[in-house]
Each structure stands twice: as C-alpha cells, then as structure tokens.
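**Student:** Contents of work-v4.csv (CSV, C-alpha atoms and all ligand atoms):
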chain,number,residue,atom,x,y,z
A,1,MET,CA,67.6,-63.4,64.8
A,2,SER,CA,68.6,-60.2,66.7
A,3,GLY,CA,72.1,-61.8,67.1
A,4,LEU,CA,72.8,-61.2,63.4
A,5,TYR,CA,72.6,-57.4,64.0
A,6,PRO,CA,75.1,-55.2,65.7
A,7,LYS,CA,74.0,-54.7,69.3
A,8,ALA,CA,72.8,-51.1,68.9
A,9,MET,CA,70.6,-52.1,65.9
A,10,ALA,CA,69.2,-55.1,67.7
A,11,LYS,CA,68.3,-52.9,70.7
A,12,LEU,CA,66.5,-50.4,68.5
A,13,ILE,CA,64.6,-53.2,66.7
A,14,ASP,CA,63.5,-54.6,70.1
A,15,ALA,CA,62.4,-51.1,71.2
A,16,PHE,CA,60.3,-50.6,68.1
A,17,GLU,CA,58.8,-54.0,68.4
A,18,SER,CA,57.6,-53.2,71.9
A,19,PHE,CA,55.0,-50.8,70.4
A,20,PRO,CA,51.5,-52.2,69.8
A,21,GLY,CA,50.8,-53.2,66.2
A,22,ILE,CA,54.5,-53.2,65.2
A,23,GLY,CA,55.8,-56.6,64.3
A,24,ARG,CA,59.4,-57.8,63.7
A,25,LYS,CA,59.5,-56.9,60.0
A,26,MET,CA,58.2,-53.4,60.6
A,27,ALA,CA,60.5,-52.9,63.6
A,28,GLN,CA,63.5,-53.8,61.3
A,29,ARG,CA,62.3,-51.4,58.6
A,30,LEU,CA,62.0,-48.6,61.1
A,31,ALA,CA,65.4,-49.3,62.6
A,32,PHE,CA,67.0,-49.3,59.1
A,33,HIS,CA,65.2,-46.1,58.3
A,34,THR,CA,66.5,-44.5,61.5
A,35,LEU,CA,70.0,-45.2,60.3
A,36,THR,CA,69.4,-43.0,57.3
A,37,MET,CA,67.9,-40.1,59.3
A,38,ASP,CA,70.0,-37.0,60.1
A,39,ASP,CA,70.9,-36.3,63.7
A,40,SER,CA,68.6,-33.4,64.3
A,41,HIS,CA,65.5,-35.5,63.2
A,42,ILE,CA,66.6,-38.3,65.5
A,43,ASP,CA,67.0,-35.8,68.3
A,44,THR,CA,63.5,-34.3,67.7
A,45,ILE,CA,61.9,-37.8,67.9
A,46,ALA,CA,64.0,-38.9,71.0
A,47,GLU,CA,63.0,-35.6,72.8
A,48,ALA,CA,59.3,-36.0,71.9
A,49,ILE,CA,59.3,-39.5,73.4
A,50,ARG,CA,61.3,-38.4,76.5
A,51,ASN,CA,59.0,-35.5,77.2
A,52,ILE,CA,55.6,-37.0,76.6
A,53,LYS,CA,55.0,-38.1,80.2
A,54,LYS,CA,56.4,-34.9,81.6
A,55,GLU,CA,54.5,-32.4,79.5
A,56,ILE,CA,51.1,-34.1,79.2
A,57,THR,CA,48.6,-33.9,82.1
A,58,TYR,CA,45.0,-35.1,82.6
A,59,CYS,CA,42.1,-32.7,82.9
A,60,SER,CA,40.7,-33.0,86.4
A,61,ILE,CA,37.2,-32.4,85.1
A,62,CYS,CA,36.8,-34.6,81.9
A,63,CYS,CA,39.9,-36.8,82.5
A,64,ASN,CA,41.1,-36.3,78.9
A,65,LEU,CA,44.7,-35.8,78.0
A,66,ALA,CA,45.6,-32.1,78.1
A,67,ASP,CA,48.4,-29.5,78.0
A,68,SER,CA,46.9,-27.8,81.1
A,69,ASP,CA,44.3,-28.5,83.8
A,70,PRO,CA,41.4,-27.8,83.1
A,71,CYS,CA,41.7,-28.7,79.4
A,72,SER,CA,40.8,-26.3,76.5
A,73,ILE,CA,37.3,-27.9,76.0
A,74,CYS,CA,36.4,-27.7,79.7
A,75,LYS,CA,37.7,-24.1,79.9
A,76,GLY,CA,35.9,-23.0,76.7
A,77,ASN,CA,32.3,-22.0,76.3
A,78,ARG,CA,30.9,-25.2,74.8
A,79,ASP,CA,27.5,-26.5,75.9
A,80,LYS,CA,28.0,-27.8,79.4
A,81,SER,CA,24.6,-29.4,79.7
A,82,THR,CA,25.6,-32.3,77.4
A,83,ILE,CA,28.4,-34.7,78.2
A,84,CYS,CA,29.6,-37.4,75.7
A,85,VAL,CA,31.1,-40.3,77.6
A,86,VAL,CA,33.9,-42.2,75.8
A,87,GLN,CA,36.4,-44.9,76.6
A,88,THR,CA,39.7,-43.3,75.6
A,89,PRO,CA,41.2,-39.9,74.6
A,90,LYS,CA,41.4,-41.3,71.0
A,91,ASP,CA,37.6,-41.5,71.0
A,92,VAL,CA,37.5,-37.7,71.8
A,93,ILE,CA,39.7,-37.1,68.8
A,94,ALA,CA,37.4,-39.2,66.6
A,95,MET,CA,34.2,-37.5,67.8
A,96,GLU,CA,35.8,-34.0,67.4
A,97,GLY,CA,36.7,-35.1,63.8
A,98,THR,CA,33.0,-35.1,63.0
A,99,GLY,CA,32.6,-31.5,63.9
A,100,GLU,CA,29.0,-32.3,64.9
A,101,PHE,CA,29.3,-32.4,68.7
A,102,LYS,CA,29.3,-29.2,70.6
A,103,GLY,CA,29.1,-30.4,74.2
A,104,HIS,CA,31.6,-31.7,76.7
A,105,TYR,CA,33.4,-35.0,77.0
A,106,HIS,CA,34.1,-37.4,79.8
A,107,VAL,CA,36.9,-40.0,79.3
A,108,LEU,CA,36.4,-43.2,81.3
A,109,HIS,CA,39.9,-44.7,80.7
A,110,GLY,CA,38.6,-48.2,80.4
A,111,LEU,CA,35.4,-50.2,80.4
A,112,ILE,CA,33.9,-52.4,83.1
A,113,SER,CA,35.1,-56.0,82.5
A,114,PRO,CA,34.6,-58.4,85.3
A,115,MET,CA,36.5,-61.1,83.3
A,116,ASP,CA,39.6,-58.9,83.4
A,117,GLY,CA,38.9,-57.8,87.0
A,118,ILE,CA,38.0,-54.2,86.0
A,119,GLY,CA,35.1,-53.0,88.1
A,120,PRO,CA,33.2,-49.7,88.3
A,121,GLY,CA,35.8,-48.3,90.8
A,122,ASP,CA,38.6,-48.8,88.2
A,123,ILE,CA,37.2,-46.3,85.6
A,124,LYS,CA,36.5,-42.6,85.9
A,125,LEU,CA,32.9,-42.8,87.2
A,126,LYS,CA,33.4,-40.9,90.4
A,127,GLU,CA,34.5,-37.9,88.3
A,128,LEU,CA,31.5,-38.3,86.1
A,129,LEU,CA,29.1,-38.3,89.1
A,130,ALA,CA,30.7,-35.1,90.3
A,131,ARG,CA,29.8,-33.5,87.0
A,132,ILE,CA,26.2,-34.6,87.2
A,133,ARG,CA,26.0,-32.7,90.5
A,134,GLU,CA,27.4,-29.7,88.7
A,135,GLY,CA,24.3,-29.6,86.5
A,136,ALA,CA,24.8,-31.8,83.4
A,137,GLU,CA,21.4,-32.6,81.8
A,138,GLU,CA,22.1,-35.2,79.1
A,139,ILE,CA,24.8,-38.0,79.2
A,140,ILE,CA,25.5,-39.5,75.8
A,141,ILE,CA,27.2,-42.9,76.2
A,142,ALA,CA,29.5,-43.4,73.2
A,143,THR,CA,31.3,-46.6,74.2
A,144,SER,CA,31.9,-49.3,71.6
A,145,PRO,CA,29.2,-51.9,70.9
A,146,THR,CA,31.3,-54.7,72.5
A,147,VAL,CA,30.3,-56.8,75.5
A,148,GLU,CA,32.3,-54.5,77.8
A,149,GLY,CA,31.0,-51.4,76.0
A,150,GLU,CA,27.4,-52.4,76.5
A,151,ALA,CA,27.9,-53.5,80.1
A,152,THR,CA,29.5,-50.2,80.9
A,153,ALA,CA,26.7,-48.3,79.2
A,154,MET,CA,24.1,-50.2,81.2
A,155,TYR,CA,25.9,-49.6,84.4
A,156,ILE,CA,26.2,-45.9,83.8
A,157,SER,CA,22.5,-45.7,82.8
A,158,ARG,CA,21.4,-47.4,86.0
A,159,LEU,CA,23.7,-45.2,88.1
A,160,LEU,CA,22.7,-41.9,86.6
A,161,LYS,CA,19.0,-42.2,85.8
A,162,PRO,CA,17.9,-42.0,89.5
A,163,LEU,CA,19.7,-38.7,89.6
A,164,GLY,CA,17.2,-37.2,87.1
A,165,VAL,CA,19.6,-36.9,84.2
A,166,ARG,CA,18.8,-38.0,80.7
A,167,VAL,CA,21.0,-40.9,79.6
A,168,THR,CA,21.2,-41.7,75.9
A,169,ARG,CA,23.3,-44.2,73.9
A,170,ILE,CA,24.7,-43.5,70.4
A,171,ALA,CA,23.1,-45.6,67.7
A,172,HIS,CA,25.1,-48.5,66.3
A,173,GLY,CA,24.2,-50.0,63.0
A,174,ILE,CA,25.1,-50.9,59.5
A,175,PRO,CA,28.3,-49.2,58.4
A,176,VAL,CA,27.9,-46.7,55.5
A,177,GLY,CA,28.4,-48.6,52.2
A,178,ALA,CA,27.7,-52.0,53.7
A,179,ASP,CA,25.2,-54.5,52.3
A,180,ILE,CA,22.2,-55.5,54.5
A,181,GLU,CA,22.5,-59.1,53.4
A,182,PHE,CA,26.0,-59.4,54.8
A,183,THR,CA,25.2,-57.7,58.1
A,184,ASP,CA,25.2,-59.9,61.2
A,185,GLU,CA,22.0,-60.1,63.3
A,186,ALA,CA,23.3,-58.3,66.3
A,187,THR,CA,24.2,-55.3,64.2
A,188,LEU,CA,20.8,-55.4,62.4
A,189,ILE,CA,18.9,-55.5,65.7
A,190,ARG,CA,20.9,-52.5,67.0
A,191,ALA,CA,20.3,-50.7,63.7
A,192,LEU,CA,16.6,-51.2,64.0
A,193,LYS,CA,16.5,-50.1,67.6
A,194,GLY,CA,18.5,-47.0,66.8
A,195,ARG,CA,16.3,-45.9,63.8
A,196,THR,CA,15.4,-42.3,63.4
A,197,GLU,CA,12.7,-40.4,61.5
A,198,ILE,CA,13.5,-39.3,58.0
A,201,ZN,ZN,38.6,-31.3,80.4
Could you quickly redo this structure as structure tokens?
**Tutor:**
Amino acid sequence: MSGLYPKAMAKLIDAFESFPGIGRKMAQRLAFHTLTMDDSHIDTIAEAIRNIKKEITYCSICCNLADSDPCSICKGNRDKSTICVVQTPKDVIAMEGTGEFKGHYHVLHGLISPMDGIGPGDIKLKELLARIREGAEEIIIATSPTVEGEATAMYISRLLKPLGVRVTRIAHGIPVGADIEFTDEATLIRALKGRTEI
C-alpha cells in the first residue's frame, strides 16, 4: 500500500503508525493533514518531539516525570505523611485531576507480572522503601484492579506492613452511572468490600 505514495509520504505514514493506538487509516489522515500545515507549525511539532527526551527528567524521590529533580510536588509543601502509589505518570495526572489528594506520589513504572518476567526488582520499589524510612505514615496503593495490579498491591502490602506503616488500597467498584444488574461479580465483590459509611 505504501508503494502508492511518494516516498516521503510513505515514510511519514509509517512514522505515525508506529504510535500506539494509531492505525493505518489514522496515520494516513495525519500525514495528509501535515501536508496542509504551515512550516512553522511543523517545526514546532518536530522540535517538541526531538527535545522530549533531552528536556524531561525523572524525580529521584517519587520517580515521576519532571522538569527538574526533585519535581515540583516533592519540592512543595504538600502532606509528606501520605504517599499514593501508582503505576505510571499518567495516573498521577488523573489523580491530580480530581483535586482531592493532597499528599505525595510514587510512580512504580510498571507492575509485577511473573508471566512477562517482571519481578519486584524491575519496578521502583527500592525508591519507595527509602521513602518509608524518611517517615511516610500511610501508603495508598492506587494500582488498577487487574491481576498484575492486585498482585503488586499485595506484594507492597506484605513488604511495608512489617515496617509499621499503614497500607491502604483505593476502593474499586461500580462505575458511576452503571447498573448493578449488569455489573460482573468480581466488581460487585470489590464494591462490597470497599463500602464506606454514609
Ligand atoms: Zn517527585
């Protein structure tokens, strides 16, 4: 198919298609759209892509993506006693979007998954342990309710509880707006376990 396009066009389509979630059709649309863009816009995008790895660093405390080390959250005066543990930097953005959490974060950059050969040593647990020694009091584990997310939560809980720190797990349950009758059993069980007083 790419053979039908001029070489430069085929190359750009291939480049777009290499992004996750972008299929052939979307890649073609983006490539055609790029043709209509003015040079300065194209330069801005090309430069942003070229610089992303040079200008972004990781915070040595919470392991989140940052402009500088330590990051603005670790440097600021938020509640240091509570740390919310998440899988990826995108999860930090999602939690921050709620405006409800005032503590600190810790980004694991992965989940324990023996099937994929990812063990505890492959995610940022050593860094989390160091923070417990610095005096964190509650660790909220906010990994997804998947097999790997649950396994990682259990592992962290067993690792940290003997250190005298409170380990909690975010509640998972029925999505807002959903019907009980169409909710699967695993979700219902979690929803029951995570019930709160009203
Ligand atoms: Zn940080």
**Student:** What residues of the protein or nucleic acid chains come within 10 Å of ligand ZN 201 (chain A) when you use only C-alpha atoms and all ligand atoms? Reply as a PyMOL selection string.
**Tutor:** chain A and resi 58-66+68-76+104-107
**Student:** Find the residues near segment 153-157 of chain A: any atom within 10 Å, counting all atoms listed in the file, skip ones fewer than 2 places away on the same chain, and give them as an MDAnalysis selection string.
**Tutor:** chainID A and resid 85 111:112 120 125 128:129 139:145 147:151 159:162 165:169
**Student:** At a cut-off of 12 Å, using only C-alpha atoms, what residues contact His33 of chain A? Leave out same-chain residues fewer than 3 positions from it and give the result as a list in words.
**Tutor:**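 These residues fall inside the cut-off: Met9, Leu12, Ile13, Phe16, Met26, Ala27, Gln28, Arg29, Leu30, Thr36, Met37, Asp38, His41 and Ile42 of chain A.
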**Student:** Might you pull out every residue within 7 Å of Ala191 of chain A, with all atoms listed in the file counted and same-chain residues fewer than 4 positions away left off, and present them as a PyMOL selection string?
**Tutor:** chain A and resi 172-174+187+195
**Student:** What does the distance from atom CA of Pro175 of chain A to atom CA of Thr152 of chain A come to in Å, to one decimal?
**Tutor:**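 Between atom CA of Pro175 of chain A and atom CA of Thr152 of chain A the gap is 22.6 Å.
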**Student:** Report, in Å to a single decimal, how far apart atom CA of Pro20 of chain A and atom CA of Gly97 of chain A are.
**Tutor:**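 That distance, rounded to one decimal, is 23.4 Å.
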**Student:** Tell me, in Å to one decimal, how far atom CA of Arg158 of chain A is from atom CA of Thr98 of chain A.
**Tutor:** 28.5 Å
**Student:** With all atoms of segment 59-69 of chain A from the file as input, state the centre and edge lengths in Å to one decimal of the axis-aligned box that has 5 Å extra on each side, as AutoDock Vina command-line options.
**Tutor:**
--center_x 42.6 --center_y -32.3 --center_z 82.2 --size_x 21.6 --size_y 19.0 --size_z 18.4
**Student:** Within 12 Å of (23.3, -49.7, 58.9), all atoms listed in the file: residues as a list in words?
**Tutor:**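 Residues close enough to count: Ala171, His172, Gly173, Ile174, Pro175, Val176, Gly177, Ala178, Asp179, Ile180, Glu181, Phe182, Thr183, Asp184, Glu185, Ala186, Thr187, Leu188, Ile189, Arg190, Ala191, Leu192, Lys193, Gly194, Arg195 and Thr196 of chain A.
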**Student:** List the neighbours of Lys102 of chain A out to 10 Å using only C-alpha atoms; skip same-chain residues closer than 4 positions along the sequence, and give me the result as a list in words.
**Tutor:**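 That gives Ile73, Asn77, Arg78, Asp79, Lys80, Thr82, Ile83, Cys84 and Glu96 of chain A.
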